[in-house]
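The next block holds one structure in the form of structure tokens; read it before the comments.
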Amino acid sequence: MANNFCCHHLSHKLRSSIFSLRNLPLPSSPFTIGTLKFPISPSRRTHTLSAAIHIQSGRFTWDDVFNLAEPQQNESSDLDGYFEKVKLCNRNSEKQCEFIPFVFEKRIVGYVHNRFADNLRRFDDVIILPDETSYGGNFGCYITLHPRIRTIEDRTSALEYVIKSLGEELVPGIRNELYPVKSSFGVPEYFSLERAAAPYFGIKAYGVHMNGYVERDGQKYLWIGKRSEVKPTYPGMLDHLVAGGLPHGISCGENLVKECEEEAGIPRSISSGATAVGAVSYMDIDGYRFKRDVLFCYDLKLPEGFIPKNEDGEVESFKLVPVTNVAKIIRRTQFFKANCNLVIIDFLFRHGYIKPEDLGYLELLQSLRTGDCS
């Protein structure tokens with residue numbers, strides 16, 4: 001089992017559906033996923049490269065956004081641009097073999113890169129690495145908390161000490177915000193962990209993303225935000241009207257109401273009308289970081305006269321954009337924060353903008369839940 005750990009927790013069903021895209025062959029190993037490759041038309045490649053130049057420079061304007069949403073000659077109507085955005089959220093799956101299972105009460109709650117784990121060995125009064133292979137992995141051990149730490153509060157405090165001791169050099173962006181650690185959604189949490197450390201311990205993280213839309217003269221429009229240029233993460237990129245991680249001690253519904261008020265000035269009297277419409281999931285490996293995220297999706301139909309106003313300084317501005325143009329922006333550019341693409345693509349499915357007649361319809365639909373959606 002140890003030799004076959006790579007991608008062990010991806011179901012065969014999901015792997016098969018993803019690899020059926022564009023008739024790609026499955027790799028020979030039953031637990032290995034290769035790099036997904038989808039053909040991109042020359043016209044879309046041009047738009048994508050153009051967008052990438054803006055992003056690399058850290059700057060693009062609303063004018064750039066609207067110009068790239070204009071009709072293009074000889075534009076393909078296939079779904080390649082959407083598949084490309086799904087790939088951006090599911091990178092480097094073949095590197096899962098570099099991670100050690102993080103186990104608590106005989107359940108895997110996360111994954112830690114073997115080199116990052118070297119930094120944890122000195123905290124042997126908090127974190128231990130028993131020699132055992134029953135949880136898989138290529139390193140003959142797993143990571144867990146010291147059994148003497150018995151309560152939720154003590155576990156949380158002990159890990160807080162570890163994270164602060166590692167410091168910004170190893171865990172950048174510490175926010176003093178706690179995420180619950182659990183084996184799946186809806187079960188009791190074992191302890192909590194600093195949000196910035198979540199991907200370094202590979203725990204499941206949950207969030208809420210809301211599509212705020214308006215109907216006018218038979219056409220739908222989405223409110224889109226542009227993140228502040230001074231935000232430490234994804235500065236200046238396009239974002240949902242409202243989105244946020246799900247911290248310790250709050251329900252999805254209450255968190256959405258809170259984020260609506262802080263991010264867009266939407267009062268409870270309006271935000272309470274948001275409808276839960278499902279979830280998307282992804283798994284992304286970037287160096288020592290392993291993101292295993294599930295995003296709960298909401299739709300909120302807003303009054304035509306409502307104008308959002310950011311209250312927490314994290315959004316530079318908002319624009320109301322026709323949904324058809326939002327779809328073009330996603331297909332042609334990388335202007336959106338990567339995981340927002342998945343939620344908006346899900347919106348496009350549910351509102352009939354992506355149809356069964358489109359080649360790759362079912363494969364794209366399945367790919368929106370590539371991660372462990374539990």
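Quick note on naming: the chains in the structure tokens go A, B, ... in the order shown, residues restart at 1 in each chain, and ligands are numbered from 1 in order of appearance.
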
Could you build a table of the residues in stretch 174-220 of chain A lying no more than 12 Å from stretch 316-338 of chain A, giving for each the nearest pair of atoms and their separation in Å rounded to one decimal place, using only C-alpha atoms, ordered by chain and ascending residue number, as a tab-separated table?
residue	atom	partner	partner_atom	distance
A:Asn211	CA	A:Val323	CA	10.7
A:Gly212	CA	A:Leu320	CA	9.6
A:Tyr213	CA	A:Leu320	CA	8.4
A:Val214	CA	A:Leu320	CA	8.4
A:Glu215	CA	A:Pro322	CA	9.6
A:Arg216	CA	A:Pro322	CA	9.8
A:Asp217	CA	A:Pro322	CA	11.7
A:Gly218	CA	A:Pro322	CA	11.2
A:Gln219	CA	A:Pro322	CA	7.4
A:Lys220	CA	A:Val323	CA	5.8

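Distance annotation: of A:Val294, A:Gly137, A:Asp286, A:Glu194, the residue with the minimal separation from A:Cys97 is A:Gly137; atom set is only C-alpha atoms.
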
Best match for closeness to A:Glu189 among A:Ser165, A:Thr156, A:Gln72, A:Asn67, counting only C-alpha atoms: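 Comparing A:Ser165, A:Thr156, A:Gln72, A:Asn67 against A:Glu189, the winner is A:Thr156.
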
Which one of A:Asp131, A:Asp293, A:Glu160, A:Glu70 sits closest to A:Pro101 if you count only C-alpha atoms? A:Asp131

Please report the interatomic distance between atom CA of A:Phe139 and atom CA of A:Lys95 in Å with one decimal. 13.8 Å

Need the shell around A:Pro247: protein/DNA/RNA residues with any atom at most 7 Å away, counting only C-alpha atoms. Skip same-chain ones fewer than 5 positions apart. Format as a PyMOL selection string? chain A and resi 178-180

So that I have them on file, write out the residues from the current selection with N, CA, C and O atoms, as a short mmCIF file (atom, residue, chain, number, x, y, z; two decimals), in the first residue's frame.
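Wrote it out as part12.cif, contents follow:
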data_model
loop_
_atom_site.label_atom_id
_atom_site.label_comp_id
_atom_site.auth_asym_id
_atom_site.auth_seq_id
_atom_site.Cartn_x
_atom_site.Cartn_y
_atom_site.Cartn_z
N LEU A 178 -8.96 30.69 13.28
CA LEU A 178 -8.91 29.24 13.42
C LEU A 178 -9.86 28.53 12.46
O LEU A 178 -11.00 28.96 12.27
N TYR A 179 -9.37 27.44 11.87
CA TYR A 179 -10.19 26.54 11.07
C TYR A 179 -10.39 25.25 11.85
O TYR A 179 -9.45 24.74 12.48
N PRO A 180 -11.59 24.69 11.82
CA PRO A 180 -11.81 23.40 12.51
C PRO A 180 -11.13 22.26 11.77
O PRO A 180 -11.09 22.24 10.53
#

Near A:Lys106, counting only C-alpha atoms, which residues have an atom at most 10 Å away, once you skip same-chain residues fewer than 6 positions from it, shown as number ranges by chain? A: 134-135, 144

All residues 12 Å or closer to A:Asp358, only C-alpha atoms, same chain fewer than 6 positions away omitted, as a VMD selection string: chain A and resid 76 to 80 82 349 352 364 to 365
